[in-house]
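Peer 1: Okay, here's the structure, questions in a sec.
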Amino acid sequence: MSKTFSKDDNSVVVIVGSGAGGGTLADELTRQGVDVVILEAGKHHTQDDFENDEWAMFAKISWLDKRISAGGWHHTETYPNLPAWIVKGVGGSTMHWSGLALRFMEHEFKTRTTYGDVPGANVLDWPISYEELAPYYEVAERKMGVAGTKASGLPPMPPNNHYKVIEAGARKIGYKEIVRPVASNTRPNDGRPACQQIGYCMQGCKIGAKWSTLYSEIPRAMKTGHAELRPQSMVLRIEHDSSGKATGVLYADKDGNHHLQKARVVCVAGNSIESPRLLLNSASSQFPNGLANSSGQVGRNYMNHTTAAALTINPGPVYMYRGFDIAAVVSDEVANNTRRGFVGGYHLEGLALHLPFTAAFMKPGGWGREVSSALEMYDHMSCVWVCGEDLAQEENSITLHPTEKDQHGLPIPIVTKTDHTNDAAMRRHGLAQWRKLSEAVGATRVIDMPPYPASHNMGTNRMSAKARDGVVNKWGQTHDIKNLFVSDGSQFTSSGAANPTLTIVALAIRQAEYIAGAMKRREL
Amino acid sequence: MKDDQHGSLATADMRVLEKRITVSRRAFLKGSGMAAGVGALSAGSLMLPARDALAAEFTTLGAATGKTLLVMARDIFPHDKISDRYYMLAIEPYDAKAAKDPALAKLIGDGVAQLDALARTRFGKPYAEVDTEVQRVSLLYEIEHGAFFQKIKGDMVTGFYNNKAVWPFFGEEGSSWEKGGYINRGFDDIDWLPKA
Ligand SMILES: Cc1cc2nc3c(=O)[nH]c(=O)nc-3n(C[C@H](O)[C@H](O)[C@H](O)COP(=O)(O)OP(=O)(O)OC[C@H]3O[C@@H](n4cnc5c(N)ncnc54)[C@H](O)[C@@H]3O)c2cc1C
Ligand code: SF4
């Protein structure tokens, strides 16, 4: 029962982006009777379009509009025009995501208090605490069907070979917190089937066992009769009136025609590169530095986790790709234990790649026997991704290119990232621990890999108690413009060591409650 | 399981793949679409040594360039048990592309000429005829940052490793949803782990 709203209807909430944040927000708002128009830049794919093929899916659903990697990170060399790995399409990056649904730790909401003043970083406490978010984490785990959680009631994901080899190594070197909360059905749930261990989760789950807003939240929102989805609609700017209130958005349809959709409230959920880019591109004579940017923090504090990856050649075959893509996850290193030489912590996450991506990511630029001899042992490999806290730094940022424009005539984004010394120390520690873990089960070779294009992007419109320190308040509402919200990972004040999506979803559920309430109270 | 290094660990059940291609050479040559072009060897070329016969398929770029590309492809990602024809699948598209794209034809033509000149200075013969891999690789190191090498190497990452025909050599099984995933096909059958 999809609905159509007039472009002049200024009673609707416009949501920009339909991924983890936008899709969830649409579901939660429509459930409360609020009318929404979802504008999504990408196409509306269905599961019929999903292939068990890494490069084919990469080409089909990635955001490939030009971006530039800048700063001191490795990506300026390895991935100069692909700083981040993000999806353009209905469902956003929840089509590609690998499904690991971890909660933040208590201290990760209080990084300034816990870590103190870290020189060179721009660390700040969140204006909300773990306790405040905990009930929403519960709802999120239930909605997403996170296997092995109390909230969902779903049994844990059964261990696959890749899980077992990592778990065995982890236990041997004394690790105890080995977890695997993944948002994939371990029995039929929410109208979706149980996981069949297909093992191409990152290519879009062909059967829909893995959670994605594409086939969970978006159709549910549409069914209420309170939502309209407009795919291939790229929002170009947010309009405002002279009182400084947002009045609607200008967007381009698939043929490049421009339309103005009026709105009572605008929620931006385009992921942490496009969301600040949109605010910056919406600069006007009244707001010359971009919307909601009185603090100058829009686009600043870009975080994408301190990551590293490694491949291990084991003494026997593993076939890491058989079964759910996330294997064992070691959480023992998440606590803040500064004796390791850095603040914050990290997860060691088993994450399977197929042969084509293994060849591409193992040693970008590499060749010769060093590379080919390792790949010949692909069937014996296990693979880790280190996911650790990335400290906010002001200079790490999304900025607009002074001259180069995209197909819509908008300046392309420059993604600048330089490691903090803390990141480098953490990365070294994580890779050394993985080596020990691997050797404990007889690994014959361990190959460190550079970080992948960033799949976790955070912090560029961060939450802050005081308006001068960030962009949004504890509801994701911009400090400057009452009816303008940010609903994705760009709200994050710290990155934590957890993959972001569960927290994005929990925040969106909480934000929807706030928006619906404020609308009823006529505060919005 | 039959393990290549730890035979003594063998027990019963792990579904282990032999890393080799099971289709016969004949079937391969007749081939599906993937072997087109390579499969269509002309009668005359069957009289040549295998590598020269493959190189003779380069009608736009010429056999000498074809052979250089073929040797280079193998030196970039050497797999001793994988025959030239699989490398050919990765580089053969250049011939048709070069016919339509003069810039590409020039990049390849100039690149090969430069590589051969280096080889002649150092070893007294063109690159493809230089005797050992170590010697040839020493030449590739000298050009590895140039556009020609980068192009060939970059394309090989997908042209070679993303070719489903080579996956069996690596134990990669490819698309699995149509087979019902691995839930009943060994997602959890690892049998060599030391007991906890
Ligand atoms: C390969 C991969 C694996 C991952 N694995 C995990 C994991 O295991 N666990 C985890 O927690 N996270 C994981 N992630 C990250 C996760 O997918 C993202 O954190 C999450 O989806 C971000 O949600 P979002 O709402 O901010 O943005 P997205 O989900 O990316 O959605 C943003 C949407 O907005 C659209 N959009 C952007 N700009 C505009 C505009 N101007 N107008 C209209 N539409 C616009 C985009 O097209 C996109 O569809 C993974 C990501 C990738 C790529
Ligand atoms: S392993 Fe499970 S979640 Fe992943 S693609 Fe297969 S069925 Fe979907």
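If you're wondering about the labels, chains in the structure tokens are A, B, ... by order shown, residues count from 1 in each chain, ligands from 1 in order shown.
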Quick one: residues within 6 Å of Asn396 of chain A, only C-alpha atoms, excluding same-chain residues fewer than 2 positions away - as an NGL selection string?

Peer 2: :A and (301-302 or 393-394 or 416-417)

Peer 1: Would you output that residue set with C-alpha atoms, as a CSV table (one decimal), in the first residue's frame?

Peer 2:
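This went into again_37.csv:
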chain,number,residue,atom,x,y,z
A,301,ASN,CA,36.3,14.4,13.2
A,302,TYR,CA,35.9,11.8,10.4
A,393,GLN,CA,40.8,14.5,15.1
A,394,GLU,CA,39.6,17.7,13.6
A,416,THR,CA,41.2,13.3,4.5
A,417,LYS,CA,42.5,10.9,7.1

Peer 1: Assign secondary structure with DSSP using the backbone only, and return the residues of segment 301-350 of chain A in strand (DSSP E or B) as a count of residues only.

Peer 2: 19

Peer 1: Mind running chain A against chain B at 8 Å and telling me each contacting residue's nearest atom pair with the distance in Å (one decimal), counting only C-alpha atoms, chain and number ascending, as a Markdown table?

Peer 2:
| residue | atom | partner | partner_atom | distance |
| --- | --- | --- | --- | --- |
| A:Glu51 | CA | B:Ser175 | CA | 7.7 |
| A:Asn52 | CA | B:Ser175 | CA | 4.8 |
| A:Asp53 | CA | B:Ser175 | CA | 6.8 |
| A:Trp55 | CA | B:Asn162 | CA | 7.9 |
| A:Pro159 | CA | B:Asp188 | CA | 6.5 |
| A:Asn160 | CA | B:Asp188 | CA | 4.2 |
| A:Asn161 | CA | B:Asp188 | CA | 4.7 |
| A:Lys164 | CA | B:Ile190 | CA | 7.9 |
| A:Val165 | CA | B:Leu193 | CA | 6.9 |
| A:Ala168 | CA | B:Ala196 | CA | 7.1 |
| A:Lys172 | CA | B:Ala196 | CA | 8.0 |
| A:Gln196 | CA | B:Ile183 | CA | 5.2 |
| A:Gln197 | CA | B:Tyr182 | CA | 5.1 |
| A:Ile198 | CA | B:Gly181 | CA | 3.8 |
| A:Gly199 | CA | B:Gly181 | CA | 7.2 |
| A:Lys206 | CA | B:Trp177 | CA | 7.0 |
| A:Pro315 | CA | B:Gln5 | CA | 6.9 |
| A:Gly316 | CA | B:Asp3 | CA | 6.2 |
| A:Pro317 | CA | B:Val16 | CA | 7.4 |
| A:Val318 | CA | B:Ile190 | CA | 6.6 |
| A:Tyr319 | CA | B:Gly171 | CA | 7.6 |
| A:Arg322 | CA | B:Phe187 | CA | 4.9 |
| A:Gly323 | CA | B:Phe187 | CA | 5.4 |
| A:His354 | CA | B:Glu172 | CA | 7.3 |
| A:Leu355 | CA | B:Glu172 | CA | 6.5 |
| A:Pro356 | CA | B:Asn162 | CA | 5.1 |
| A:Ala359 | CA | B:Val157 | CA | 6.5 |
| A:Ala360 | CA | B:Val157 | CA | 6.2 |
| A:Gly365 | CA | B:Gly154 | CA | 7.8 |
| A:Trp367 | CA | B:Ile76 | CA | 5.4 |
| A:Gly368 | CA | B:Ile76 | CA | 4.9 |
| A:Arg369 | CA | B:Pro78 | CA | 6.1 |
| A:Val371 | CA | B:Phe77 | CA | 7.2 |
| A:Ser372 | CA | B:Phe77 | CA | 5.3 |
| A:Ser373 | CA | B:His79 | CA | 7.5 |
| A:Leu375 | CA | B:Phe170 | CA | 7.3 |
| A:Glu376 | CA | B:Phe170 | CA | 5.6 |
| A:Met377 | CA | B:Phe170 | CA | 6.8 |
| A:Tyr378 | CA | B:Phe170 | CA | 5.9 |
| A:Asp379 | CA | B:Gly171 | CA | 5.2 |
| A:Val441 | CA | B:Leu193 | CA | 7.2 |

Peer 1: Can you tell me, as a count of residues only, what residues are no more than 12 Å from segment 229-232 of chain A when counting only C-alpha atoms, ignoring any on the same chain fewer than 5 positions away?

Peer 2: 49

Peer 1: Given a cut-off of 7 Å, what residues near ligand 1 show up using only C-alpha atoms and all ligand atoms, put as an mmCIF file with N, CA, C and O atoms, in the first residue's frame?

Peer 2:
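Wrote it out as pocket21.cif, contents follow:
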data_model
loop_
_atom_site.group_PDB
_atom_site.id
_atom_site.type_symbol
_atom_site.label_atom_id
_atom_site.label_comp_id
_atom_site.auth_asym_id
_atom_site.auth_seq_id
_atom_site.Cartn_x
_atom_site.Cartn_y
_atom_site.Cartn_z
ATOM 1 N N VAL A 16 16.614 11.435 3.946
ATOM 2 C CA VAL A 16 17.603 11.343 2.864
ATOM 3 C C VAL A 16 18.451 10.094 3.091
ATOM 4 O O VAL A 16 19.240 10.031 4.020
ATOM 5 N N GLY A 17 18.249 9.081 2.247
ATOM 6 C CA GLY A 17 18.998 7.825 2.396
ATOM 7 C C GLY A 17 18.144 6.750 3.051
ATOM 8 O O GLY A 17 17.317 7.032 3.908
ATOM 9 N N SER A 18 18.331 5.517 2.590
ATOM 10 C CA SER A 18 17.461 4.425 3.051
ATOM 11 C C SER A 18 18.256 3.262 3.635
ATOM 12 O O SER A 18 17.820 2.129 3.593
ATOM 13 N N GLY A 19 19.464 3.552 4.146
ATOM 14 C CA GLY A 19 20.290 2.494 4.713
ATOM 15 C C GLY A 19 19.925 2.175 6.146
ATOM 16 O O GLY A 19 18.746 2.213 6.524
ATOM 17 N N ALA A 20 20.948 1.863 6.936
ATOM 18 C CA ALA A 20 20.707 1.461 8.319
ATOM 19 C C ALA A 20 19.941 2.542 9.073
ATOM 20 O O ALA A 20 18.917 2.280 9.721
ATOM 21 N N GLY A 21 20.408 3.785 8.976
ATOM 22 C CA GLY A 21 19.777 4.870 9.703
ATOM 23 C C GLY A 21 18.443 5.273 9.091
ATOM 24 O O GLY A 21 17.399 5.245 9.753
ATOM 25 N N GLY A 22 18.450 5.621 7.799
ATOM 26 C CA GLY A 22 17.241 6.117 7.144
ATOM 27 C C GLY A 22 16.141 5.072 7.069
ATOM 28 O O GLY A 22 14.967 5.378 7.304
ATOM 29 N N LEU A 39 13.967 9.668 0.166
ATOM 30 C CA LEU A 39 14.679 9.955 -1.085
ATOM 31 C C LEU A 39 15.999 9.196 -1.065
ATOM 32 O O LEU A 39 16.816 9.379 -0.165
ATOM 33 N N GLU A 40 16.155 8.326 -2.026
ATOM 34 C CA GLU A 40 17.341 7.480 -2.072
ATOM 35 C C GLU A 40 18.053 7.678 -3.407
ATOM 36 O O GLU A 40 17.449 7.521 -4.463
ATOM 37 N N ALA A 41 19.336 7.981 -3.335
ATOM 38 C CA ALA A 41 20.108 8.269 -4.549
ATOM 39 C C ALA A 41 20.213 7.052 -5.474
ATOM 40 O O ALA A 41 20.247 7.184 -6.686
ATOM 41 N N GLY A 42 20.282 5.858 -4.887
ATOM 42 C CA GLY A 42 20.540 4.663 -5.682
ATOM 43 C C GLY A 42 19.281 3.983 -6.193
ATOM 44 O O GLY A 42 18.154 4.424 -5.964
ATOM 45 N N TRP A 63 28.817 2.776 -4.166
ATOM 46 C CA TRP A 63 28.814 4.207 -4.468
ATOM 47 C C TRP A 63 30.113 4.485 -5.195
ATOM 48 O O TRP A 63 31.182 4.489 -4.589
ATOM 49 N N TRP A 85 34.042 2.258 1.197
ATOM 50 C CA TRP A 85 33.252 1.227 0.549
ATOM 51 C C TRP A 85 31.833 1.359 1.101
ATOM 52 O O TRP A 85 31.554 0.955 2.215
ATOM 53 N N ILE A 86 30.986 1.999 0.303
ATOM 54 C CA ILE A 86 29.637 2.337 0.748
ATOM 55 C C ILE A 86 28.704 1.988 -0.407
ATOM 56 O O ILE A 86 29.113 1.982 -1.557
ATOM 57 N N VAL A 87 27.471 1.741 -0.067
ATOM 58 C CA VAL A 87 26.527 1.328 -1.104
ATOM 59 C C VAL A 87 25.646 2.489 -1.530
ATOM 60 O O VAL A 87 25.303 3.359 -0.745
ATOM 61 N N LYS A 88 25.272 2.477 -2.802
ATOM 62 C CA LYS A 88 24.277 3.408 -3.317
ATOM 63 C C LYS A 88 23.110 2.563 -3.779
ATOM 64 O O LYS A 88 23.199 1.875 -4.795
ATOM 65 N N GLY A 89 22.035 2.608 -3.051
ATOM 66 C CA GLY A 89 20.875 1.805 -3.440
ATOM 67 C C GLY A 89 19.907 1.716 -2.277
ATOM 68 O O GLY A 89 20.284 2.010 -1.130
ATOM 69 N N VAL A 90 18.684 1.343 -2.568
ATOM 70 C CA VAL A 90 17.706 1.189 -1.491
ATOM 71 C C VAL A 90 18.251 0.127 -0.527
ATOM 72 O O VAL A 90 18.687 -0.935 -0.961
ATOM 73 N N GLY A 91 18.239 0.447 0.758
ATOM 74 C CA GLY A 91 18.849 -0.451 1.750
ATOM 75 C C GLY A 91 20.257 -0.018 2.104
ATOM 76 O O GLY A 91 20.826 -0.466 3.101
ATOM 77 N N GLY A 92 20.841 0.859 1.289
ATOM 78 C CA GLY A 92 22.174 1.394 1.571
ATOM 79 C C GLY A 92 23.176 0.286 1.848
ATOM 80 O O GLY A 92 23.096 -0.809 1.276
ATOM 81 N N SER A 93 24.112 0.572 2.722
ATOM 82 C CA SER A 93 25.190 -0.374 2.984
ATOM 83 C C SER A 93 24.716 -1.617 3.732
ATOM 84 O O SER A 93 25.490 -2.556 3.908
ATOM 85 N N THR A 94 23.464 -1.643 4.149
ATOM 86 C CA THR A 94 22.981 -2.869 4.796
ATOM 87 C C THR A 94 22.792 -3.993 3.772
ATOM 88 O O THR A 94 22.554 -5.133 4.147
ATOM 89 N N HIS A 96 25.381 -4.668 1.633
ATOM 90 C CA HIS A 96 26.747 -5.208 1.623
ATOM 91 C C HIS A 96 27.191 -5.705 2.996
ATOM 92 O O HIS A 96 28.074 -6.524 3.098
ATOM 93 N N TRP A 97 26.644 -5.148 4.048
ATOM 94 C CA TRP A 97 27.266 -5.335 5.373
ATOM 95 C C TRP A 97 27.364 -6.804 5.732
ATOM 96 O O TRP A 97 26.612 -7.639 5.228
ATOM 97 N N SER A 98 28.319 -7.099 6.610
ATOM 98 C CA SER A 98 28.536 -8.497 6.931
ATOM 99 C C SER A 98 27.775 -8.940 8.170
ATOM 100 O O SER A 98 27.911 -10.089 8.593
ATOM 101 N N GLY A 99 27.018 -8.065 8.754
ATOM 102 C CA GLY A 99 26.047 -8.515 9.748
ATOM 103 C C GLY A 99 26.483 -8.575 11.194
ATOM 104 O O GLY A 99 25.725 -9.027 12.059
ATOM 105 N N LEU A 100 27.692 -8.114 11.488
ATOM 106 C CA LEU A 100 28.150 -8.184 12.874
ATOM 107 C C LEU A 100 27.518 -7.058 13.679
ATOM 108 O O LEU A 100 27.675 -5.890 13.337
ATOM 109 N N ALA A 101 26.798 -7.422 14.740
ATOM 110 C CA ALA A 101 26.008 -6.447 15.491
ATOM 111 C C ALA A 101 26.484 -6.366 16.940
ATOM 112 O O ALA A 101 25.950 -7.030 17.826
ATOM 113 N N LEU A 102 27.484 -5.554 17.162
ATOM 114 C CA LEU A 102 28.087 -5.417 18.492
ATOM 115 C C LEU A 102 27.604 -4.145 19.166
ATOM 116 O O LEU A 102 27.408 -3.126 18.503
ATOM 117 N N MET A 202 28.284 -10.613 2.164
ATOM 118 C CA MET A 202 28.660 -9.243 1.785
ATOM 119 C C MET A 202 28.251 -8.906 0.352
ATOM 120 O O MET A 202 28.446 -7.788 -0.098
ATOM 121 N N SER A 233 16.885 9.208 -6.526
ATOM 122 C CA SER A 233 16.591 10.612 -6.223
ATOM 123 C C SER A 233 17.711 11.147 -5.348
ATOM 124 O O SER A 233 17.773 10.863 -4.157
ATOM 125 N N MET A 234 18.600 11.863 -5.942
ATOM 126 C CA MET A 234 19.789 12.366 -5.259
ATOM 127 C C MET A 234 19.517 13.754 -4.704
ATOM 128 O O MET A 234 19.266 14.701 -5.467
ATOM 129 N N VAL A 235 19.557 13.864 -3.388
ATOM 130 C CA VAL A 235 19.303 15.169 -2.775
ATOM 131 C C VAL A 235 20.522 16.063 -2.965
ATOM 132 O O VAL A 235 21.651 15.670 -2.664
ATOM 133 N N LEU A 236 20.272 17.262 -3.489
ATOM 134 C CA LEU A 236 21.364 18.168 -3.831
ATOM 135 C C LEU A 236 21.588 19.228 -2.765
ATOM 136 O O LEU A 236 22.701 19.625 -2.496
ATOM 137 N N ALA A 269 20.474 10.961 6.318
ATOM 138 C CA ALA A 269 21.051 9.648 6.639
ATOM 139 C C ALA A 269 21.756 9.097 5.404
ATOM 140 O O ALA A 269 21.482 7.998 4.945
ATOM 141 N N GLY A 270 22.696 9.868 4.898
ATOM 142 C CA GLY A 270 23.376 9.490 3.654
ATOM 143 C C GLY A 270 24.739 8.845 3.878
ATOM 144 O O GLY A 270 25.495 8.693 2.940
ATOM 145 N N ASN A 271 25.027 8.470 5.115
ATOM 146 C CA ASN A 271 26.317 7.926 5.534
ATOM 147 C C ASN A 271 27.315 9.086 5.680
ATOM 148 O O ASN A 271 27.086 10.179 5.185
ATOM 149 N N SER A 272 28.424 8.811 6.363
ATOM 150 C CA SER A 272 29.230 9.903 6.924
ATOM 151 C C SER A 272 30.076 10.698 5.938
ATOM 152 O O SER A 272 30.788 11.599 6.341
ATOM 153 N N GLU A 274 28.490 11.478 2.600
ATOM 154 C CA GLU A 274 27.455 12.264 1.908
ATOM 155 C C GLU A 274 26.668 13.168 2.854
ATOM 156 O O GLU A 274 26.222 14.249 2.436
ATOM 157 N N SER A 275 26.456 12.768 4.087
ATOM 158 C CA SER A 275 25.652 13.627 4.985
ATOM 159 C C SER A 275 26.310 14.981 5.234
ATOM 160 O O SER A 275 25.679 16.021 5.020
ATOM 161 N N LEU A 278 26.287 17.038 2.052
ATOM 162 C CA LEU A 278 25.009 17.681 1.768
ATOM 163 C C LEU A 278 24.836 18.961 2.602
ATOM 164 O O LEU A 278 24.381 19.987 2.087
ATOM 165 N N SER A 455 34.738 0.837 5.359
ATOM 166 C CA SER A 455 33.333 0.427 5.326
ATOM 167 C C SER A 455 32.570 1.029 6.502
ATOM 168 O O SER A 455 31.357 1.096 6.482
ATOM 169 N N HIS A 456 33.305 1.448 7.516
ATOM 170 C CA HIS A 456 32.668 2.106 8.670
ATOM 171 C C HIS A 456 33.058 3.575 8.634
ATOM 172 O O HIS A 456 34.234 3.904 8.732
ATOM 173 N N ASN A 457 32.101 4.418 8.504
ATOM 174 C CA ASN A 457 32.378 5.842 8.391
ATOM 175 C C ASN A 457 31.556 6.580 9.432
ATOM 176 O O ASN A 457 30.343 6.382 9.508
ATOM 177 N N ASP A 488 22.320 9.086 10.955
ATOM 178 C CA ASP A 488 23.218 7.986 10.592
ATOM 179 C C ASP A 488 24.464 8.004 11.469
ATOM 180 O O ASP A 488 24.520 8.700 12.484
ATOM 181 N N GLY A 489 25.470 7.286 11.042
ATOM 182 C CA GLY A 489 26.685 7.151 11.838
ATOM 183 C C GLY A 489 27.502 8.425 11.932
ATOM 184 O O GLY A 489 28.460 8.485 12.706
ATOM 185 N N SER A 490 27.137 9.449 11.177
ATOM 186 C CA SER A 490 27.908 10.679 11.301
ATOM 187 C C SER A 490 27.634 11.365 12.639
ATOM 188 O O SER A 490 28.362 12.256 13.041
ATOM 189 N N ASN A 499 31.561 -2.447 15.488
ATOM 190 C CA ASN A 499 31.026 -2.097 14.170
ATOM 191 C C ASN A 499 29.782 -1.239 14.410
ATOM 192 O O ASN A 499 29.034 -1.474 15.349
ATOM 193 N N PRO A 500 29.550 -0.254 13.558
ATOM 194 C CA PRO A 500 28.607 0.814 13.926
ATOM 195 C C PRO A 500 27.109 0.534 13.783
ATOM 196 O O PRO A 500 26.292 1.233 14.377
ATOM 197 N N THR A 501 26.735 -0.450 12.988
ATOM 198 C CA THR A 501 25.337 -0.490 12.543
ATOM 199 C C THR A 501 24.318 -0.679 13.662
ATOM 200 O O THR A 501 23.283 -0.015 13.681
ATOM 201 N N LEU A 502 24.596 -1.560 14.583
ATOM 202 C CA LEU A 502 23.633 -1.760 15.681
ATOM 203 C C LEU A 502 23.388 -0.439 16.406
ATOM 204 O O LEU A 502 22.240 -0.111 16.753
ATOM 205 N N ILE A 504 23.810 2.597 15.139
ATOM 206 C CA ILE A 504 23.062 3.488 14.226
ATOM 207 C C ILE A 504 21.565 3.175 14.320
ATOM 208 O O ILE A 504 20.722 4.075 14.420
#

Peer 1: If we count only C-alpha atoms, what is near Met426 of chain A at a cut-off of 8 Å, once residues fewer than 3 positions away on the same chain are taken out, given as a PyMOL selection string?

Peer 2: chain A and resi 306+341-342+345-346+388+422-423+429-430

Peer 1: What residues in segment 19-192 of chain A get the DSSP label alpha helix (DSSP H)? Please answer as a ChimeraX atom specification.

Peer 2: /A:20-31,54-61,75-78,111-115,130-144,161-172

Peer 1: Rounded to one decimal place, report the atom CA of Gly459 of chain A-atom CA of Leu391 of chain A distance in Å.

Peer 2: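 Atom-to-atom, atom CA of Gly459 of chain A and atom CA of Leu391 of chain A are spaced 9.9 Å apart.
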
Peer 1: May I have the residues within 12 Å of Asp406 of chain A as a ChimeraX atom specification, using only C-alpha atoms and disregarding those fewer than 2 positions away in the same chain?

Peer 2: /A:64-68,234,236,400-401,403-404,408-413

Peer 1: Got time to write the residues from that selection, N, CA and C atoms, as a PDB file, in the first residue's frame?

Peer 2:
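Generated file (part06.pdb):
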ATOM      1  N   LEU A  64      30.034   4.701  -6.510  1.00  0.00           N
ATOM      2  CA  LEU A  64      31.255   4.837  -7.304  1.00  0.00           C
ATOM      3  C   LEU A  64      31.473   6.250  -7.846  1.00  0.00           C
ATOM      4  N   ASP A  65      30.599   7.177  -7.450  1.00  0.00           N
ATOM      5  CA  ASP A  65      30.851   8.572  -7.825  1.00  0.00           C
ATOM      6  C   ASP A  65      32.217   8.961  -7.262  1.00  0.00           C
ATOM      7  N   LYS A  66      32.905   9.809  -7.965  1.00  0.00           N
ATOM      8  CA  LYS A  66      34.294  10.078  -7.611  1.00  0.00           C
ATOM      9  C   LYS A  66      34.448  10.713  -6.218  1.00  0.00           C
ATOM     10  N   ARG A  67      35.396  10.158  -5.472  1.00  0.00           N
ATOM     11  CA  ARG A  67      35.817  10.728  -4.202  1.00  0.00           C
ATOM     12  C   ARG A  67      37.331  10.708  -4.196  1.00  0.00           C
ATOM     13  N   ILE A  68      37.926  11.532  -3.350  1.00  0.00           N
ATOM     14  CA  ILE A  68      39.392  11.588  -3.327  1.00  0.00           C
ATOM     15  C   ILE A  68      39.909  11.257  -1.932  1.00  0.00           C
ATOM     16  N   MET A 234      18.600  11.863  -5.942  1.00  0.00           N
ATOM     17  CA  MET A 234      19.789  12.366  -5.259  1.00  0.00           C
ATOM     18  C   MET A 234      19.517  13.754  -4.704  1.00  0.00           C
ATOM     19  N   LEU A 236      20.272  17.262  -3.489  1.00  0.00           N
ATOM     20  CA  LEU A 236      21.364  18.168  -3.831  1.00  0.00           C
ATOM     21  C   LEU A 236      21.588  19.228  -2.765  1.00  0.00           C
ATOM     22  N   LEU A 400      34.938  19.868   0.563  1.00  0.00           N
ATOM     23  CA  LEU A 400      34.493  19.947  -0.831  1.00  0.00           C
ATOM     24  C   LEU A 400      35.668  20.324  -1.726  1.00  0.00           C
ATOM     25  N   HIS A 401      35.740  19.664  -2.853  1.00  0.00           N
ATOM     26  CA  HIS A 401      36.808  19.974  -3.803  1.00  0.00           C
ATOM     27  C   HIS A 401      36.608  21.382  -4.361  1.00  0.00           C
ATOM     28  N   THR A 403      37.351  22.716  -7.196  1.00  0.00           N
ATOM     29  CA  THR A 403      36.959  22.877  -8.611  1.00  0.00           C
ATOM     30  C   THR A 403      36.224  21.674  -9.201  1.00  0.00           C
ATOM     31  N   GLU A 404      36.590  20.460  -8.805  1.00  0.00           N
ATOM     32  CA  GLU A 404      36.054  19.296  -9.500  1.00  0.00           C
ATOM     33  C   GLU A 404      34.600  19.001  -9.095  1.00  0.00           C
ATOM     34  N   HIS A 408      26.162  15.839 -10.987  1.00  0.00           N
ATOM     35  CA  HIS A 408      25.086  16.770 -10.648  1.00  0.00           C
ATOM     36  C   HIS A 408      25.576  18.209 -10.557  1.00  0.00           C
ATOM     37  N   GLY A 409      26.873  18.369 -10.825  1.00  0.00           N
ATOM     38  CA  GLY A 409      27.430  19.714 -10.715  1.00  0.00           C
ATOM     39  C   GLY A 409      27.822  20.088  -9.292  1.00  0.00           C
ATOM     40  N   LEU A 410      27.854  19.094  -8.401  1.00  0.00           N
ATOM     41  CA  LEU A 410      28.232  19.374  -7.012  1.00  0.00           C
ATOM     42  C   LEU A 410      29.717  19.059  -6.802  1.00  0.00           C
ATOM     43  N   PRO A 411      30.397  19.865  -5.977  1.00  0.00           N
ATOM     44  CA  PRO A 411      31.813  19.599  -5.716  1.00  0.00           C
ATOM     45  C   PRO A 411      31.990  18.181  -5.151  1.00  0.00           C
ATOM     46  N   ILE A 412      33.002  17.477  -5.641  1.00  0.00           N
ATOM     47  CA  ILE A 412      33.203  16.116  -5.144  1.00  0.00           C
ATOM     48  C   ILE A 412      33.854  16.172  -3.765  1.00  0.00           C
ATOM     49  N   PRO A 413      33.629  15.152  -2.954  1.00  0.00           N
ATOM     50  CA  PRO A 413      34.180  15.170  -1.594  1.00  0.00           C
ATOM     51  C   PRO A 413      35.628  14.694  -1.521  1.00  0.00           C
TER      52      PRO A 413
END

Peer 1: Write out as a PyMOL selection string which residues come within 8 Å of segment 117-125 of chain B when counting only C-alpha atoms, dropping same-chain ones fewer than 3 positions away.

Peer 2: chain B and resi 113-114+129-130+136+139

Peer 1: Near Val249 of chain A, within 6 Å and counting only C-alpha atoms, which residues show up once chain neighbours fewer than 5 positions away are dropped, as a list of chain:residue names?

Peer 2: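 Neighbouring residues, sequence-local ones excluded: A:Arg237, A:Ile238, A:Glu239, A:Leu260, A:Gln261.
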
Peer 1: Between A:Ser282, A:Thr149, A:Thr111, A:Asn185, which one has atoms that come closest to ligand 2, using only C-alpha atoms and all ligand atoms?

Peer 2: A:Asn185

Peer 1: One number please: atom CA of Asn314 of chain A to atom CA of Val446 of chain A, in Å, one decimal.

Peer 2: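 Between atom CA of Asn314 of chain A and atom CA of Val446 of chain A the gap is 8.8 Å.
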
Peer 1: One decimal, Å: what's the distance from atom CA of Ser62 of chain A over to atom CA of Pro450 of chain A, could you say?

Peer 2: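 We find that atom CA of Ser62 of chain A and atom CA of Pro450 of chain A lie 20.5 Å from each other.
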
Peer 1: Counting only C-alpha atoms and all ligand atoms, which of A:Lys520, A:Arg339, A:Arg192, A:Arg468 gets nearest to ligand 2?

Peer 2: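 Of A:Lys520, A:Arg339, A:Arg192, A:Arg468, the one nearest ligand 2 is A:Arg192, counting only C-alpha atoms and all ligand atoms.
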
Peer 1: Which residue gives the smallest distance to ligand 2 among A:Gly290, A:Gly174, A:Gly145, A:Pro80, with only C-alpha atoms and all ligand atoms counted?

Peer 2: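 Of A:Gly290, A:Gly174, A:Gly145, A:Pro80, the one nearest ligand 2, counting only C-alpha atoms and all ligand atoms, is A:Gly145.
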